[in-house]
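What's in structure_3.cif: mmCIF, C-alpha atoms
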data_structure
loop_
_atom_site.label_atom_id
_atom_site.label_comp_id
_atom_site.auth_asym_id
_atom_site.auth_seq_id
_atom_site.Cartn_x
_atom_site.Cartn_y
_atom_site.Cartn_z
CA MET A 25 82.80 127.95 118.05
CA LYS A 26 84.36 124.84 116.62
CA LEU A 27 83.26 121.49 118.02
CA ASN A 28 85.98 118.98 118.80
CA LYS A 29 85.73 115.31 117.77
CA GLN A 30 84.56 114.18 121.21
CA ALA A 31 81.68 116.67 121.21
CA ILE A 32 80.61 115.62 117.71
CA LEU A 33 80.72 111.97 118.73
CA LEU A 34 78.63 112.69 121.84
CA ILE A 35 76.00 114.53 119.80
CA PHE A 36 75.93 111.69 117.28
CA ILE A 37 75.39 109.12 120.06
CA LEU A 38 72.59 111.23 121.56
CA ILE A 39 70.87 111.50 118.17
CA ILE A 40 71.05 107.72 117.70
CA GLY A 41 69.70 107.14 121.19
CA ILE A 42 66.77 109.54 120.75
CA THR A 43 66.00 108.12 117.30
CA ALA A 44 66.04 104.56 118.61
CA PHE A 45 63.72 105.53 121.47
CA VAL A 46 61.23 107.07 119.02
CA LEU A 47 61.47 104.44 116.27
CA ILE A 48 61.34 101.20 118.22
CA PRO A 49 57.80 100.24 119.24
CA ASN A 50 57.12 98.86 122.70
CA PHE A 51 55.84 95.44 121.66
CA GLU A 52 54.26 93.21 124.25
CA ARG A 53 56.37 90.10 124.74
CA GLU A 54 55.41 86.48 125.45
CA GLU A 55 57.39 83.48 126.57
CA PHE A 56 58.33 81.07 123.80
CA SER A 57 60.81 78.20 124.04
CA THR A 58 61.67 76.07 121.01
CA SER A 59 63.01 73.35 123.33
CA VAL A 60 59.64 73.20 125.13
CA VAL A 61 57.91 72.97 121.74
CA GLU A 62 60.12 70.00 120.84
CA GLU A 63 59.29 68.25 124.14
CA ILE A 64 55.54 68.77 123.72
CA SER A 65 55.71 67.63 120.09
CA ALA A 66 57.48 64.42 121.09
CA GLY A 67 54.90 63.68 123.79
CA ASN A 68 57.43 64.12 126.60
CA ILE A 69 55.26 66.76 128.27
CA THR A 70 51.58 65.86 128.65
CA THR A 71 48.58 66.88 130.72
CA THR A 72 45.00 65.75 131.23
CA THR A 73 43.66 69.29 131.31
CA ASN A 74 42.78 71.45 128.33
CA GLY A 75 44.24 74.47 130.10
CA ASN A 76 42.61 77.85 130.59
CA SER A 77 39.00 78.59 129.76
CA SER A 78 39.80 80.92 126.88
CA ASN A 79 38.64 78.36 124.37
CA ASN A 80 35.36 77.67 126.21
CA ASP A 81 35.98 73.94 126.01
CA GLU A 82 33.64 72.69 128.70
CA ASN A 83 33.99 69.11 127.48
CA ALA A 84 37.59 68.07 128.00
CA SER A 85 37.30 64.32 127.55
CA THR A 86 39.89 62.55 125.42
CA ASN A 87 39.38 62.30 121.65
CA THR A 88 36.81 65.09 121.37
CA ILE A 89 36.20 68.07 119.18
CA PRO A 90 35.57 71.04 121.52
CA GLY A 91 33.13 73.80 120.75
CA ASN A 92 30.06 71.81 119.70
CA GLU A 93 26.75 71.46 121.52
CA GLU A 94 27.28 67.71 121.52
CA THR A 95 30.90 66.64 121.76
CA GLU A 96 31.94 64.16 119.09
CA VAL A 97 33.98 61.20 120.34
CA PHE A 98 36.20 59.31 117.86
CA GLU A 99 37.04 55.66 118.11
CA THR A 100 40.78 54.99 117.72
CA ASN A 101 40.46 53.17 114.40
CA VAL A 102 38.45 56.09 112.97
CA TYR A 103 40.75 58.99 113.81
CA ASP A 104 43.89 57.00 112.95
CA GLN A 105 42.57 56.77 109.39
CA LEU A 106 41.47 60.41 109.30
CA LEU A 107 44.81 61.75 110.52
CA VAL A 108 47.06 59.53 108.42
CA ASN A 109 48.55 62.60 106.66
CA ASN A 110 49.23 64.49 109.90
CA LYS A 111 52.78 63.11 110.13
CA THR A 112 55.55 64.22 107.79
CA THR A 113 59.31 64.69 107.25
CA ARG A 114 61.32 67.26 109.24
CA ILE A 115 62.42 70.12 106.96
CA ASP A 116 63.89 72.56 109.50
CA ASN A 117 67.11 73.03 107.52
CA LEU A 118 65.28 74.31 104.44
CA PHE A 119 63.41 77.29 105.91
CA THR A 120 63.28 79.93 108.59
CA SER A 121 59.69 79.74 109.84
CA TYR A 122 57.62 82.52 111.37
CA LEU A 123 54.20 81.77 112.86
CA VAL A 124 51.61 84.54 112.50
CA ILE A 125 48.57 84.16 114.75
CA GLY A 126 45.47 86.31 114.34
CA SER A 127 43.49 86.41 117.56
CA ASP A 128 39.72 86.88 117.39
CA GLU A 129 39.48 88.13 120.96
CA ARG A 130 36.99 91.00 120.79
CA SER A 131 36.14 93.96 122.96
CA PRO A 132 32.65 95.48 123.31
CA ASN A 133 33.65 97.97 120.59
CA SER A 134 33.88 95.22 117.97
CA SER A 135 30.88 93.17 119.06
CA GLN A 136 28.38 95.21 117.07
CA SER A 137 30.08 94.68 113.74
CA ARG A 138 31.44 91.15 114.11
CA GLY A 139 29.38 89.60 116.88
CA ASN A 140 30.23 88.54 120.41
CA ALA A 141 33.02 86.03 120.96
CA LYS A 142 34.54 85.11 124.29
CA GLY A 143 38.16 84.14 124.77
CA ASP A 144 41.30 84.30 122.67
CA ARG A 145 41.37 81.80 119.81
CA ALA A 146 43.63 81.48 116.79
CA ASP A 147 41.33 82.65 114.01
CA VAL A 148 44.26 83.11 111.60
CA ILE A 149 47.13 80.59 111.49
CA LEU A 150 49.74 81.54 108.91
CA ILE A 151 53.30 80.25 108.48
CA VAL A 152 55.77 82.55 106.71
CA LEU A 153 58.52 80.44 105.14
CA VAL A 154 61.78 82.07 104.09
CA ASP A 155 64.09 79.67 102.25
CA ASN A 156 67.88 79.86 102.04
CA ASP A 157 67.63 82.06 98.92
CA SER A 158 65.28 84.52 100.74
CA ASN A 159 62.23 83.41 98.73
CA VAL A 160 59.03 83.88 100.73
CA SER A 161 55.96 81.64 100.91
CA LEU A 162 52.78 82.10 102.93
CA VAL A 163 51.18 78.84 104.04
CA SER A 164 47.79 79.01 105.74
CA LEU A 165 46.41 76.34 108.05
CA PRO A 166 42.59 76.32 108.29
CA ARG A 167 41.39 76.76 111.86
CA ASP A 168 38.96 73.83 111.37
CA LEU A 169 41.80 71.43 110.52
CA LEU A 170 41.46 68.23 112.56
CA ILE A 171 44.58 67.35 114.59
CA GLU A 172 45.71 65.31 117.54
CA ASP A 173 46.99 67.56 120.31
CA PRO A 174 50.32 66.06 121.50
CA CYS A 175 49.84 67.68 124.90
CA THR A 176 46.34 66.46 125.83
CA LYS A 177 46.13 63.57 123.31
CA SER A 178 42.70 64.89 122.35
CA ILE A 179 41.35 65.07 118.79
CA GLN A 180 40.26 68.63 118.05
CA ARG A 181 40.37 71.55 115.67
CA ILE A 182 43.82 73.10 115.36
CA ASN A 183 42.71 76.49 116.69
CA SER A 184 41.71 74.81 119.96
CA SER A 185 45.36 73.89 120.60
CA TYR A 186 46.14 77.58 121.00
CA THR A 187 45.69 77.48 124.76
CA SER A 188 47.86 77.64 127.86
CA ASN A 189 47.87 74.45 129.92
CA GLY A 190 50.15 72.11 131.86
CA CYS A 191 52.40 71.65 128.81
CA GLY A 192 53.25 75.13 127.57
CA THR A 193 52.06 78.57 126.58
CA ASN A 194 49.43 79.19 123.91
CA ALA A 195 52.02 79.67 121.17
CA GLU A 196 54.19 76.75 122.33
CA ASN A 197 51.26 74.32 122.24
CA LEU A 198 50.14 75.47 118.80
CA SER A 199 53.73 75.34 117.50
CA ALA A 200 54.07 71.75 118.77
CA VAL A 201 51.03 70.74 116.70
CA ILE A 202 52.47 72.57 113.69
CA LEU A 203 55.82 70.81 114.13
CA ASN A 204 54.08 67.42 114.03
CA ILE A 205 51.94 68.08 110.97
CA THR A 206 54.41 70.17 108.91
CA GLY A 207 57.88 69.10 110.05
CA LEU A 208 58.69 72.78 110.63
CA LYS A 209 60.25 74.14 113.79
CA ILE A 210 58.80 77.60 114.36
CA ASN A 211 61.69 80.02 114.89
CA HIS A 212 59.60 82.99 116.00
CA PHE A 213 55.95 83.91 116.38
CA VAL A 214 53.91 87.09 116.29
CA LYS A 215 50.31 87.52 117.34
CA PHE A 216 47.98 90.30 116.28
CA SER A 217 44.53 91.30 117.42
CA PHE A 218 41.87 92.09 114.86
CA GLU A 219 41.10 95.45 116.43
CA GLY A 220 44.77 96.42 116.44
CA PHE A 221 45.00 95.34 112.81
CA GLU A 222 42.17 97.77 111.99
CA ASP A 223 44.23 100.61 113.45
CA ILE A 224 47.28 99.61 111.41
CA ILE A 225 45.27 99.65 108.18
CA ASP A 226 43.79 103.05 109.01
CA THR A 227 47.25 104.42 109.87
CA ILE A 228 48.52 103.67 106.35
CA GLY A 229 45.39 105.08 104.71
CA GLY A 230 43.57 101.83 104.00
CA VAL A 231 44.32 98.81 101.82
CA GLU A 232 43.34 98.01 98.25
CA ILE A 233 41.11 94.97 97.85
CA CYS A 234 39.88 93.85 94.43
CA VAL A 235 36.78 91.67 94.00
CA GLU A 236 35.08 90.22 90.96
CA GLU A 237 31.52 90.86 92.19
CA THR A 238 29.81 93.51 94.31
CA GLN A 239 29.31 91.95 97.73
CA ARG A 240 28.02 92.77 101.17
CA GLU A 241 27.03 91.38 104.56
CA GLY A 242 24.18 93.22 106.26
CA TYR A 243 25.31 96.65 107.37
CA SER A 244 28.87 95.58 108.19
CA PHE A 245 30.27 96.15 104.68
CA GLU A 246 29.50 96.62 101.02
CA ILE A 247 32.34 96.34 98.49
CA GLN A 248 31.89 97.30 94.86
CA LYS A 249 33.06 95.18 91.91
CA GLY A 250 36.64 96.09 91.02
CA CYS A 251 39.29 97.58 93.30
CA ASN A 252 38.39 99.37 96.53
CA ASN A 253 40.42 101.19 99.16
CA LEU A 254 39.05 99.78 102.42
CA SER A 255 39.26 101.14 105.94
CA GLY A 256 40.42 98.82 108.71
CA GLU A 257 36.91 98.09 109.98
CA ILE A 258 35.50 97.27 106.53
CA ALA A 259 38.54 95.15 105.60
CA LEU A 260 38.29 93.06 108.78
CA ASN A 261 34.51 92.68 108.45
CA TRP A 262 35.09 91.44 104.90
CA ILE A 263 37.64 88.76 105.78
CA VAL A 264 35.61 87.30 108.67
CA SER A 265 32.28 87.34 106.81
CA ARG A 266 30.35 84.07 106.91
CA SER A 267 27.10 85.26 105.29
CA THR A 268 28.36 87.18 102.27
CA GLU A 269 25.86 88.16 99.59
CA ILE A 270 26.58 89.13 95.98
CA LEU A 271 24.67 91.57 93.81
CA ASP A 272 22.46 89.86 91.22
CA GLY A 273 22.06 92.27 88.31
CA GLU A 274 22.21 96.06 88.56
CA LYS A 275 22.09 98.03 91.77
CA VAL A 276 18.70 99.71 92.31
CA ILE A 277 17.95 102.47 94.83
CA ASP A 278 14.31 103.55 95.34
CA GLU A 279 13.01 107.09 95.78
CA ASN A 280 13.53 106.87 99.55
CA GLY A 281 17.18 105.97 99.15
CA GLU A 282 16.63 102.34 100.07
CA ASP A 283 18.53 99.56 98.33
CA ILE A 284 15.98 97.35 96.58
CA SER A 285 18.55 95.44 94.51
CA ASN A 286 18.46 91.68 94.22
CA TRP A 287 21.10 90.09 96.46
CA LYS A 288 21.81 86.38 96.70
CA PRO A 289 24.05 84.30 98.99
CA MET A 290 27.62 83.90 97.77
CA PRO A 291 28.17 80.20 97.04
CA GLY A 292 31.00 78.24 98.60
CA VAL A 293 31.75 80.54 101.55
CA SER A 294 33.90 78.54 103.98
CA ASP A 295 36.97 78.66 106.18
CA LEU A 296 39.06 78.26 103.01
CA THR A 297 37.35 81.32 101.49
CA ARG A 298 38.31 83.33 104.56
CA ILE A 299 41.92 82.15 104.19
CA LYS A 300 42.13 83.47 100.62
CA LYS A 301 40.83 86.80 101.88
CA GLN A 302 43.36 86.84 104.71
CA GLN A 303 46.23 86.22 102.30
CA GLN A 304 44.95 88.89 99.92
CA LEU A 305 44.71 91.41 102.76
CA ILE A 306 48.19 90.63 104.09
CA ILE A 307 49.75 90.94 100.63
CA SER A 308 47.95 94.25 100.06
CA LEU A 309 49.19 95.51 103.41
CA MET A 310 52.80 94.47 102.73
CA LYS A 311 52.66 96.13 99.30
CA LYS A 312 51.77 99.35 101.08
CA ILE A 313 54.95 98.98 103.16
CA ASN A 314 56.84 98.27 99.93
CA ASN A 315 55.68 101.64 98.59
CA PHE A 316 56.84 103.69 101.59
CA ASP A 317 59.16 106.29 100.09
CA SER A 318 60.62 107.46 103.38
CA PHE A 319 61.51 106.06 106.76
CA ASN A 320 59.27 108.72 108.29
CA ASN A 321 56.22 107.13 106.67
CA PHE A 322 57.41 103.76 107.83
CA LEU A 323 57.82 105.17 111.36
CA ASN A 324 54.10 105.95 111.56
CA PHE A 325 53.33 102.38 110.54
CA VAL A 326 55.77 100.83 113.02
CA ASN A 327 54.38 102.90 115.88
CA ALA A 328 50.88 101.63 115.01
CA LEU A 329 52.10 98.08 115.53
CA GLU A 330 52.50 98.58 119.29
CA ASN A 331 48.88 98.02 120.25
CA ALA A 332 48.28 95.30 117.68
CA PHE A 333 51.20 92.89 117.93
CA THR A 334 52.72 90.61 120.53
CA ILE A 335 56.08 89.06 119.69
CA ASP A 336 58.01 86.21 121.27
CA GLN A 337 60.68 87.00 123.83
CA ASN A 338 63.47 85.60 121.65
CA ILE A 339 63.25 88.24 118.92
CA SER A 340 64.33 91.78 119.71
CA VAL A 341 62.13 94.72 118.78
CA ILE A 342 65.01 96.04 116.69
CA GLU A 343 65.19 92.77 114.76
CA ALA A 344 61.39 92.72 114.32
CA SER A 345 61.42 96.29 112.95
CA ARG A 346 64.38 95.48 110.67
CA LEU A 347 62.55 92.45 109.26
CA LEU A 348 59.53 94.59 108.44
CA TRP A 349 61.72 97.20 106.77
CA ASP A 350 63.58 94.52 104.79
CA PHE A 351 60.24 93.20 103.50
CA ARG A 352 60.10 96.35 101.34
CA GLU A 353 62.52 94.63 98.95
CA ILE A 354 60.18 91.70 98.30
CA ASN A 355 58.10 91.51 95.14
CA PHE A 356 54.85 90.41 96.75
CA ASP A 357 53.30 89.50 93.41
CA ASN A 358 55.78 86.60 93.35
CA VAL A 359 55.11 85.39 96.89
CA ASN A 360 53.71 81.85 97.02
CA LYS A 361 50.26 81.99 98.63
CA LEU A 362 49.37 78.46 99.70
CA THR A 363 46.78 76.63 101.78
CA VAL A 364 47.31 73.04 102.87
CA PRO A 365 45.12 70.63 100.85
CA THR A 366 42.09 69.36 102.76
CA TYR A 367 38.71 67.74 102.31
CA ASN A 368 35.50 68.30 104.25
CA TYR A 369 34.42 65.80 106.88
CA THR A 370 31.16 65.76 108.83
CA THR A 371 31.08 63.95 112.15
CA GLU A 372 28.14 61.88 113.32
CA ASN A 373 26.95 64.84 115.41
CA GLY A 374 27.16 67.19 112.45
CA ALA A 375 30.45 68.94 113.27
CA GLN A 376 32.15 70.30 110.15
CA VAL A 377 35.93 69.79 110.12
CA LEU A 378 38.74 69.64 107.56
CA ILE A 379 41.08 66.68 107.04
CA LEU A 380 44.56 66.83 105.44
CA ASN A 381 44.49 64.82 102.22
CA GLU A 382 48.26 65.01 101.61
CA ASN A 383 51.21 65.12 103.97
CA PHE A 384 52.99 68.45 104.21
CA TYR A 385 56.28 67.39 102.64
CA ASP A 386 54.54 65.99 99.55
CA PHE A 387 52.45 69.16 99.37
CA LEU A 388 55.53 71.41 99.32
CA SER A 389 57.18 69.07 96.81
CA SER A 390 54.20 69.47 94.47
CA LYS A 391 54.78 73.26 94.66
CA ASP A 392 58.50 72.85 93.90
CA LEU A 393 59.47 74.25 97.31
CA VAL A 394 61.42 71.15 98.38
CA ASP A 395 63.27 68.50 96.37
#
Output the file's structure in the form of structure tokens.
Amino acid sequence: MKLNKQAILLIFILIIGITAFVLIPNFEREEFSTSVVEEISAGNITTTTNGNSSNNDENASTNTIPGNEETEVFETNVYDQLLVNNKTTRIDNLFTSYLVIGSDERSPNSSQSRGNAKGDRADVILIVLVDNDSNVSLVSLPRDLLIEDPCTKSIQRINSSYTSNGCGTNAENLSAVILNITGLKINHFVKFSFEGFEDIIDTIGGVEICVEETQREGYSFEIQKGCNNLSGEIALNWIVSRSTEILDGEKVIDENGEDISNWKPMPGVSDLTRIKKQQQLIISLMKKINNFDSFNNFLNFVNALENAFTIDQNISVIEASRLLWDFREINFDNVNKLTVPTYNYTTENGAQVLILNENFYDFLSSKDLVD
């Protein structure tokens, strides 16, 4: 029996509808208003509270660094000098900016491998910049970067501004800080959980990570010198490691199968070390997407995003999926992988923080990203 044009059209519409239902992941959505971000950034919306208790900031007095046993208080003349590079030129017209937030909120399942941590903090703060010629740059902001919160007027680490309070949502407050210190208006944000990220990595069959020395941390991971295909759990344990050891000499196993090799602490492990690992992992992951040879393979990856990612309410799930698919065309070996320039600063109470030693516009200029 021959089908008429109307029947063919109806079948075609049904196929599109079913395909869309299957392909589009059900991302969790969060409120995000760029106009609210602008108001917080300008100091037009303020509060005396540090918001919810997710950051465990029991000491909420002005000009403090939360999260230390003894809260450090800065005199005005001190922090004005420290934060001199935290103001810069607006460069909204040069880039489309996406904020990627990695949350270190952990369930009991992850506590054994990465330790207990209460609350939902921004452990990864990454800005994806896409210029008018579609060139991509990844700019990481260390979580220990010292900033002034425009909402509470407190001096604190940047990850502590990722909190919901009387000014805005978690992402709006963090974006207001980013606007002040980078001159970038965040167009959209996505947040991922570490545990969800593990599932994504496992869904695509692991990621390739290359290291120059054999390294480990306790029983949480051991990575051999050279290139390794890592599972999600091992990859995440590697990037959050604070007590990494490297193999000194040859690996030696005794007759009982015990490792009696000589291991020594890896020098220079810091928040900046973790950032380099984060960038390496993200690039490796995106290369895997770049190598998908069919949309069916990509479908499995997109479906794995559901439980890992939260996106802002202003970007549709179709647009989010299209952006990921379009990233396949990017040569990730040519992506600029940058971290804002900082220096270490130790407070009188021994708190370790990072201070910007160059304003953001000058930093991008030095990388030939702005004129």
(request) Would you be able to write out as a count of residues only which residues have an atom within 8 Å of (60.8, 76.7, 97.5) in the file's coordinates, counting all atoms listed in the file? (result) 8
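Computed from the coordinates, the CA of Glu63 (chain A) to CA of Leu198 (chain A) distance equals 12.8 Å.
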(message) Using the chain letters and numbers from this file, what does the PyMOL selection byres ((chain A and resi 168) around 12) select? Give the answer as a PyMOL selection string.
(response) chain A and resi 89-91+145-149+164-167+169-171+179-185+294-296+298-299+364+366-370+375-380
(request) Kindly give the distance, in Å, that separates CA of Thr71 (chain A) and CA of Thr187 (chain A), rounded to a single decimal. (result)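 Taking CA of Thr71 (chain A) and CA of Thr187 (chain A), their separation equals 12.5 Å.
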(request) Specify as a PyMOL selection string each residue included when the PyMOL selection byres ((chain A and resi 285) around 9) is applied to this file. (result) chain A and resi 271-277+283-284+286-287
(message) Just checking: using all atoms listed in the file, which residue out of A:Leu106, A:Glu279, A:Ile335, A:Ser255 ends up closest to Thr371 (chain A)?
(response) A:Leu106
(request) Apply the PyMOL selection byres ((chain A and resi 234-245) around 6) to the displayed file and report the matching residues as a list of chain:residue names. (result) A:Ser137, A:Ile233, A:Glu246, A:Ile247, A:Gln248, A:Lys249, A:Gly250, A:Cys251, A:Ile258, A:Thr268, A:Glu269, A:Ile270, A:Leu271
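Coordinates place CA of Phe333 (chain A) at a distance of 5.5 Å from CA of Lys215 (chain A).
Remark: for Glu52 (chain A), the closest of the candidate residues A:Gln304, A:Ser340, A:Thr113, A:Asn373 is A:Ser340 (distances computed over all atoms listed in the file).
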(message) Considering all atoms listed in the file, can you say which of A:Val160, A:Leu153, A:Val231, A:Ala332 comes closest to Lys209 (chain A)?
(response)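 The answer is A:Leu153, which sits nearest to Lys209 (chain A).
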(request) Neighbourhood query: residues within 6 Å of (57.0, 88.4, 123.6), file coordinates, counting only C-alpha atoms; return as a PyMOL selection string. (result) chain A and resi 52-55+334-337
(request) Determine the nearest neighbour of Ser178 (chain A) from the options A:Ile151, A:Asn194, A:Tyr103, A:Lys311, counting all atoms listed in the file. (result) A:Tyr103
(request) Excluding Thr297 (chain A) and any residue of its chain fewer than 3 positions from it, enumerate the residues within 10 Å of it, using only C-alpha atoms, and give them as a list in words. (result) Pro166, Ile263, Val264, Ser265, Arg266, Gly292, Val293, Ser294, Lys300, Lys301 and Gln302 of chain A
What would the file look like if the residues just selected were written as a PDB file, keeping the file's coordinate frame with C-alpha atoms?
ATOM      1  CA  PRO A 166      42.590  76.320 108.290  1.00  0.00           C
ATOM      2  CA  ILE A 263      37.640  88.760 105.780  1.00  0.00           C
ATOM      3  CA  VAL A 264      35.610  87.300 108.670  1.00  0.00           C
ATOM      4  CA  SER A 265      32.280  87.340 106.810  1.00  0.00           C
ATOM      5  CA  ARG A 266      30.350  84.070 106.910  1.00  0.00           C
ATOM      6  CA  GLY A 292      31.000  78.240  98.600  1.00  0.00           C
ATOM      7  CA  VAL A 293      31.750  80.540 101.550  1.00  0.00           C
ATOM      8  CA  SER A 294      33.900  78.540 103.980  1.00  0.00           C
ATOM      9  CA  LYS A 300      42.130  83.470 100.620  1.00  0.00           C
ATOM     10  CA  LYS A 301      40.830  86.800 101.880  1.00  0.00           C
ATOM     11  CA  GLN A 302      43.360  86.840 104.710  1.00  0.00           C
TER      12      GLN A 302
END
